[in-house]
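Student: For reference, this is target_17.cif, and it has mmCIF, C-alpha atoms.
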```
data_coords
#
loop_
_atom_site.label_atom_id
_atom_site.label_comp_id
_atom_site.auth_asym_id
_atom_site.auth_seq_id
_atom_site.Cartn_x
_atom_site.Cartn_y
_atom_site.Cartn_z
CA MET A 1 107.33 115.91 89.15
CA SER A 2 109.41 118.77 90.44
CA LEU A 3 110.59 119.95 93.81
CA LEU A 4 109.06 123.25 94.89
CA ALA A 5 110.96 123.77 98.09
CA SER A 6 112.88 121.30 100.17
CA ALA A 7 109.70 119.73 101.51
CA SER A 8 107.22 120.06 98.65
CA ILE A 9 106.59 118.27 95.39
CA LEU A 10 104.63 119.61 92.45
CA LEU A 11 102.74 117.03 90.41
CA LYS A 12 100.63 117.66 87.32
CA GLY A 13 97.71 115.68 86.02
CA THR A 14 94.60 115.55 83.85
CA HIS A 15 91.14 114.41 84.83
CA GLY A 16 88.38 113.33 82.43
CA THR A 17 84.79 113.93 83.48
CA SER A 18 81.47 115.36 82.31
CA LYS A 19 81.24 119.01 81.34
CA SER A 20 78.76 119.83 84.09
CA ARG A 21 80.93 118.24 86.78
CA ALA A 22 84.02 119.94 85.42
CA GLU A 23 82.31 123.32 85.50
CA THR A 24 81.33 122.80 89.14
CA ILE A 25 84.88 121.78 90.06
CA VAL A 26 86.34 124.83 88.31
CA LYS A 27 83.75 127.16 89.85
CA GLU A 28 84.33 125.84 93.36
CA GLU A 29 88.07 125.53 92.70
CA LYS A 30 88.11 122.16 94.37
CA PHE A 31 87.24 118.50 94.04
CA GLN A 32 84.56 117.17 96.37
CA ALA A 33 84.91 113.79 98.05
CA SER A 34 82.19 111.44 96.89
CA ALA A 35 81.93 107.84 97.96
CA ASP A 36 79.31 106.85 95.41
CA GLY A 37 81.24 107.42 92.20
CA LEU A 38 82.71 104.73 90.03
CA LEU A 39 85.97 105.01 91.92
CA GLY A 40 84.58 105.92 95.32
CA ALA A 41 86.09 108.73 97.33
CA GLY A 42 89.31 110.41 96.31
CA ALA A 43 90.37 112.11 93.11
CA TYR A 44 92.30 110.58 90.26
CA PHE A 45 94.61 112.11 87.71
CA TRP A 46 96.64 110.95 84.73
CA ALA A 47 100.17 112.09 85.36
CA TYR A 48 102.19 114.23 83.00
CA ASP A 49 105.33 116.24 83.24
CA ASN A 50 105.73 118.78 80.43
CA ASP A 51 103.52 117.59 77.58
CA MET A 52 99.95 116.67 78.45
CA SER A 53 98.98 115.14 75.09
CA LEU A 54 99.07 111.54 76.35
CA ALA A 55 97.45 112.48 79.65
CA LYS A 56 94.63 114.16 77.68
CA ARG A 57 94.09 111.00 75.63
CA LEU A 58 93.93 108.97 78.82
CA ALA A 59 91.42 111.37 80.35
CA LEU A 60 89.24 111.04 77.28
CA ASN A 61 89.40 107.26 77.47
CA TRP A 62 88.45 107.30 81.10
CA TRP A 63 85.43 109.47 80.29
CA ARG A 64 84.41 107.01 77.55
CA PHE A 65 84.73 104.11 79.92
CA ALA A 66 83.03 105.71 82.90
CA GLY A 67 80.23 107.30 80.92
CA GLY A 68 79.71 104.71 78.24
CA LYS A 69 79.81 101.52 80.19
CA ASN A 70 79.10 102.58 83.72
CA ASP A 71 76.62 105.41 83.33
CA ALA A 72 78.78 107.48 85.63
CA TYR A 73 77.45 110.73 84.20
CA LYS A 74 73.82 109.68 83.95
CA GLY A 75 71.64 112.53 85.12
CA ASP A 76 74.33 115.15 84.63
CA THR A 77 73.10 118.33 82.99
CA ASP A 78 75.81 118.03 80.38
CA PRO A 79 77.47 114.60 80.23
CA SER A 80 79.72 115.53 77.31
CA LEU A 81 83.48 115.33 77.66
CA ALA A 82 85.51 117.82 79.64
CA ILE A 83 89.15 117.53 80.58
CA LEU A 84 90.64 119.32 83.54
CA LYS A 85 94.26 119.87 84.34
CA ALA A 86 95.45 120.54 87.84
CA ASP A 87 98.52 120.89 89.97
CA ILE A 88 98.98 118.78 93.05
CA GLU A 89 101.20 120.37 95.65
CA VAL A 90 102.09 117.88 98.28
CA ASP A 91 104.56 117.69 101.12
CA SER A 92 107.25 115.17 100.23
CA ASN A 93 106.27 113.11 103.27
CA GLY A 94 102.71 112.96 101.97
CA TYR A 95 103.66 111.45 98.62
CA PHE A 96 104.21 107.77 98.00
CA ASP A 97 105.28 106.14 94.75
CA ALA A 98 103.57 102.76 94.58
CA SER A 99 105.09 102.18 91.16
CA SER A 100 108.67 102.25 92.43
CA GLU A 101 110.77 99.15 91.95
CA SER A 102 111.36 98.80 95.67
CA PHE A 103 107.64 98.86 96.46
CA LEU A 104 106.86 96.39 93.68
CA GLU A 105 109.52 94.09 95.08
CA LEU A 106 107.90 94.35 98.51
CA LEU A 107 104.46 93.71 97.03
CA ILE A 108 105.51 90.64 95.07
CA LYS A 109 107.62 89.24 97.89
CA THR A 110 104.72 89.60 100.31
CA ALA A 111 102.22 88.10 97.87
CA GLU A 112 104.54 85.16 97.35
CA GLN A 113 105.10 84.64 101.05
CA LYS A 114 101.44 84.95 102.00
CA LYS A 115 100.30 82.96 98.95
CA ILE A 116 98.00 85.58 97.47
CA LEU A 117 97.01 83.35 94.61
CA SER A 118 93.25 83.26 94.50
CA THR A 119 92.21 86.51 92.86
CA LYS A 120 93.68 89.66 91.43
CA ASP A 121 91.30 91.49 93.76
CA ASP A 122 93.21 90.25 96.78
CA PHE A 123 96.45 91.25 95.14
CA ASN A 124 95.10 94.76 94.62
CA LYS A 125 94.01 94.87 98.24
CA LEU A 126 97.42 93.70 99.38
CA ARG A 127 98.91 96.76 97.70
CA ALA A 128 96.71 99.01 99.84
CA VAL A 129 97.38 96.94 102.98
CA LEU A 130 101.11 97.48 102.49
CA VAL A 131 100.69 101.21 101.96
CA LYS A 132 98.60 101.44 105.13
CA GLU A 133 101.19 99.43 107.03
CA ILE A 134 103.95 101.74 105.85
CA GLU A 135 101.83 104.65 107.10
CA THR A 136 101.39 102.96 110.46
CA VAL A 137 105.09 102.27 110.87
CA GLN A 138 106.01 105.83 109.89
CA GLY A 139 103.24 107.44 111.92
CA PHE A 140 101.72 109.55 109.15
CA ASN A 141 99.38 109.09 106.22
CA TYR A 142 100.04 109.68 102.55
CA GLU A 143 98.00 112.28 100.72
CA VAL A 144 98.91 111.26 97.18
CA VAL A 145 99.91 107.86 95.87
CA LYS A 146 101.34 107.31 92.41
CA ALA A 147 100.16 104.11 90.74
CA GLU A 148 100.81 102.58 87.34
CA VAL A 149 97.55 101.28 85.90
CA ASP A 150 96.50 99.72 82.61
CA VAL A 151 95.69 102.19 79.90
CA PRO A 152 91.91 102.32 79.51
CA GLY A 153 91.00 100.96 76.10
CA GLN A 154 92.22 102.20 72.78
CA ILE A 155 93.70 105.63 72.91
CA ARG A 156 92.22 108.20 70.58
CA GLY A 157 94.31 108.75 67.53
CA GLU A 158 96.28 105.65 68.25
CA ALA A 159 95.70 104.13 64.82
CA GLY A 160 97.72 106.94 63.34
CA ALA A 161 100.20 106.92 66.18
CA PRO A 162 100.72 103.32 67.32
CA TYR A 163 103.82 104.38 69.23
CA VAL A 164 101.47 105.79 71.85
CA TYR A 165 100.26 102.27 72.55
CA TRP A 166 103.72 100.75 72.34
CA ALA A 167 105.05 103.36 74.70
CA ALA A 168 102.24 103.32 77.22
CA LYS A 169 100.46 100.05 77.90
CA GLN A 170 100.44 101.25 81.46
CA ALA A 171 100.25 104.83 82.54
CA ALA A 172 101.02 106.71 85.71
CA SER A 173 98.15 108.04 87.76
CA TYR A 174 97.98 110.08 90.92
CA VAL A 175 95.47 108.95 93.53
CA VAL A 176 94.60 111.79 95.89
CA MET A 177 93.18 110.54 99.16
CA PRO A 178 89.69 111.71 100.18
CA ASP A 179 90.86 113.72 103.17
CA ALA A 180 93.63 115.43 101.22
CA LEU A 181 91.76 116.96 98.30
CA ASP A 182 92.98 120.43 99.21
CA VAL A 183 96.40 119.55 97.76
CA ILE A 184 94.78 119.95 94.32
CA CYS A 185 95.10 123.48 92.97
CA ASN A 186 95.23 125.58 89.80
CA ILE A 187 92.35 123.61 88.30
CA GLU A 188 91.61 124.58 84.70
CA LEU A 189 89.55 123.31 81.82
CA VAL A 190 91.67 122.39 78.83
CA GLU A 191 90.67 122.39 75.20
CA VAL A 192 89.30 119.03 74.11
CA MET B 1 113.55 103.05 102.77
CA ASP B 2 114.83 99.50 102.53
CA ASP B 3 114.71 99.15 106.31
CA LEU B 4 111.19 100.50 106.35
CA PHE B 5 110.02 98.01 103.74
CA LYS B 6 111.78 95.21 105.57
CA ARG B 7 109.93 96.10 108.77
CA VAL B 8 106.62 96.26 106.92
CA PHE B 9 107.26 92.91 105.28
CA GLU B 10 108.04 91.30 108.63
CA ARG B 11 104.88 92.74 110.18
CA ILE B 12 102.68 91.43 107.37
CA VAL B 13 104.18 87.97 107.02
CA THR B 14 103.70 87.30 110.72
CA LEU B 15 99.96 87.83 110.40
CA THR B 16 97.81 84.74 110.47
CA ASP B 17 95.70 83.99 107.42
CA ALA B 18 92.62 85.20 109.30
CA GLU B 19 94.32 88.43 110.32
CA LEU B 20 95.50 89.07 106.78
CA ARG B 21 92.02 88.32 105.47
CA GLU B 22 90.65 90.92 107.87
CA ARG B 23 93.22 93.47 106.70
CA LEU B 24 92.40 92.76 103.05
CA ASP B 25 88.69 93.15 103.67
CA GLU B 26 89.24 96.41 105.53
CA VAL B 27 90.80 98.11 102.50
CA ALA B 28 88.08 97.14 100.02
CA ASP B 29 87.12 100.80 99.50
CA HIS B 30 90.62 102.21 99.61
CA PRO B 31 91.09 104.53 96.60
CA LEU B 32 94.15 102.58 95.52
CA VAL B 33 92.11 99.38 95.40
CA ARG B 34 89.24 101.04 93.58
CA VAL B 35 91.43 102.41 90.82
CA TYR B 36 92.93 99.00 90.06
CA GLN B 37 89.52 97.35 90.23
CA ALA B 38 88.14 99.85 87.75
CA VAL B 39 90.86 99.13 85.26
CA SER B 40 90.54 95.37 85.78
CA CYS B 41 86.86 95.72 85.14
CA LEU B 42 87.64 97.61 81.96
CA ARG B 43 89.80 94.80 80.69
CA GLY B 44 87.17 92.29 81.77
CA LEU B 45 84.63 94.10 79.66
CA MET B 46 86.85 93.82 76.65
CA LEU B 47 87.44 90.18 77.28
CA THR B 48 83.72 89.51 77.32
CA SER B 49 83.61 90.94 73.82
CA SER B 50 80.35 92.67 74.65
CA VAL B 51 81.23 95.00 71.84
CA ASP B 52 79.82 98.46 71.33
CA GLU B 53 81.08 101.57 69.66
CA SER B 54 83.42 102.46 72.50
CA PHE B 55 84.92 99.04 72.96
CA ALA B 56 85.01 97.80 69.44
CA LYS B 57 86.44 94.65 68.01
CA GLN B 58 89.72 96.34 67.33
CA ASP B 59 90.16 96.87 71.06
CA PHE B 60 89.77 93.16 71.54
CA GLU B 61 92.17 92.35 68.77
CA ARG B 62 94.66 94.85 70.02
CA TYR B 63 94.91 93.03 73.30
CA PHE B 64 94.89 89.52 71.92
CA LEU B 65 96.76 89.86 68.70
CA ALA B 66 99.38 92.30 69.88
CA GLN B 67 102.84 91.19 68.97
CA SER B 68 103.88 91.28 72.57
CA LEU B 69 101.52 88.42 73.43
CA SER B 70 102.90 84.93 73.12
CA TYR B 71 100.87 81.82 72.59
CA ASP B 72 101.48 81.01 76.23
CA ASP B 73 99.92 84.35 77.13
CA ILE B 74 96.81 83.42 75.16
CA LEU B 75 96.61 80.02 76.84
CA ARG B 76 96.99 81.64 80.23
CA THR B 77 94.29 84.14 79.33
CA ASP B 78 91.97 81.27 78.43
CA GLU B 79 92.62 79.67 81.80
CA TRP B 80 92.09 82.98 83.53
CA LEU B 81 88.82 83.54 81.66
CA ALA B 82 87.60 80.13 82.68
CA ALA B 83 88.55 80.71 86.30
CA ASN B 84 86.81 84.08 86.41
CA ASP B 85 83.56 83.23 84.69
CA GLU B 86 81.55 84.80 87.43
CA ARG B 87 83.26 88.15 87.07
CA PHE B 88 82.58 88.25 83.34
CA ILE B 89 78.95 87.55 83.85
CA LEU B 90 78.86 90.49 86.24
CA ALA B 91 80.81 92.66 83.87
CA ALA B 92 78.63 91.83 80.89
#
```
Take the structure in this file and express it as structure tokens.
Tutor:
Amino acid sequence: MSLLASASILLKGTHGTSKSRAETIVKEEKFQASADGLLGAGAYFWAYDNDMSLAKRLALNWWRFAGGKNDAYKGDTDPSLAILKADIEVDSNGYFDASSESFLELLIKTAEQKKILSTKDDFNKLRAVLVKEIETVQGFNYEVVKAEVDVPGQIRGEAGAPYVYWAAKQAASYVVMPDALDVICNIELVEV
Amino acid sequence: MDDLFKRVFERIVTLTDAELRERLDEVADHPLVRVYQAVSCLRGLMLTSSVDESFAKQDFERYFLAQSLSYDDILRTDEWLAANDERFILAA
């Protein structure tokens, strides 16, 4: 993450998808909101700063998971792997870090107080409820939320580089909200 | 930011259970919820051990035999598996 000007933040991420979808995204120079995908509306990126090697591995794993187990790319002209990289230029007011210590403290404290004990699903929803409540109190909505999520499966090449697993059982992702997809720019295919 | 979070906390904890339930249900399709659900589902698939080439046995072992897991972790996982039977059936 870097500051562009006083009010802007530049984020960088990778995105694993099918080749045909990637080609459409690159051609149109934008991501399209789609509510029927595996993740629903919005766009999702694996965060990186300077070196995208881990973020590329994560993108590949996501593609394996989405395509292999969930048929996400069924019917695509070319379902083979493609990895995109993109910049996300967002106003600092439009960016929220849901992996920050202070937000995690709020999340856990609220879950404890409201006895969110039944399912992890409710806990996940509580996270979004809190973000929405923060938006309500502040009077504006976030365009990009950073979230730490479990690494999807075994990372390619990990057997020869176990430190990747030791270092990254969870990885940072950027969740771009469906009505803010125009913050994504400089979309490029990267070599797989 | 601390004041902001404090205000948010106070607003949420004053909700009744029914009001909170409504709020939780309202965000079911929120992208932040969906991304965590997807990853939970991923782990659920591994736990079912419905093994294929992408999610091979070594994935399973990696999660269960990793040095970072204690015996207590494994016991807790067993309890969690038992409590979430329905989800694994769906995932498998």
Student: Would you mind telling me which residue in A:Gly139, A:Gly94, A:Gly13, A:Gly75 lies nearest to Phe45 of chain A when using only C-alpha atoms?
Tutor: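 Among the listed residues, A:Gly13 lies closest to Phe45 of chain A.
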Student: Which polymer residues have any atom within 10 Å of an atom of segment 2-11 of chain B, counting only C-alpha atoms, with same-chain residues fewer than 6 positions away left out, as an MDAnalysis selection string?
Tutor: chainID A and resid 102:103 105:107 109:110 113 130:138
Student: Write out as a VMD selection string every residue belonging to chain A that has an atom at most 8 Å from any atom of chain B, counting all atoms listed in the file.
Tutor: chain A and resid 38 to 42 64 to 65 68 102 to 103 106 110 113 to 114 121 to 122 124 to 130 133 to 134 137 145 147 149 to 154 175 177
Student: One decimal, in Å: what's the spacing between atom CA of Ala43 of chain A and atom CA of Leu58 of chain A?
Tutor: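 Computing it gives 15.1 Å between the two atoms.
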Student: Do you know which residues lie at most 9 Å from (103.5, 108.0, 92.7), with coordinates as in the file and all atoms listed in the file counted, and could you write them as a tab-separated table (two decimals) with C-alpha atoms, in the frame of the given file?
Tutor:
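The new file result.tsv reads:
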```
chain	number	residue	atom	x	y	z
A	95	TYR	CA	103.66	111.45	98.62
A	96	PHE	CA	104.21	107.77	98.00
A	97	ASP	CA	105.28	106.14	94.75
A	98	ALA	CA	103.57	102.76	94.58
A	99	SER	CA	105.09	102.18	91.16
A	100	SER	CA	108.67	102.25	92.43
A	144	VAL	CA	98.91	111.26	97.18
A	145	VAL	CA	99.91	107.86	95.87
A	146	LYS	CA	101.34	107.31	92.41
A	147	ALA	CA	100.16	104.11	90.74
A	148	GLU	CA	100.81	102.58	87.34
A	172	ALA	CA	101.02	106.71	85.71
A	173	SER	CA	98.15	108.04	87.76
A	174	TYR	CA	97.98	110.08	90.92
A	175	VAL	CA	95.47	108.95	93.53
```
Student: Report as lines of an AutoDock Vina configuration file the centre and the edge lengths, in Å to one decimal, of the axis-aligned box holding every listed atom of segment 52-57 of chain A, padded by 5 Å on each side.
Tutor:
```
center_x = 97.0
center_y = 113.8
center_z = 77.4
size_x = 15.9
size_y = 15.7
size_z = 14.6
```
Student: One decimal, Å: what's the distance from atom CA of Lys27 of chain A over to atom CA of Leu54 of chain A, could you say?
Tutor: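 About the pair atom CA of Lys27 of chain A and atom CA of Leu54 of chain A: they are 25.7 Å apart.
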Student: For the atom pair atom CA of Leu11 of chain A and atom CA of Gln32 of chain A, what is the interatomic distance in Å to one decimal place?
Tutor: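 For atom CA of Leu11 of chain A relative to atom CA of Gln32 of chain A, the distance reads 19.1 Å.
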Student: At a cut-off of 12 Å, using all atoms listed in the file, what residues contact Glu28 of chain A? Leave out same-chain residues fewer than 2 positions from it and give the result as a ChimeraX atom specification.
Tutor: /A:21-26,30-32,182,185-188
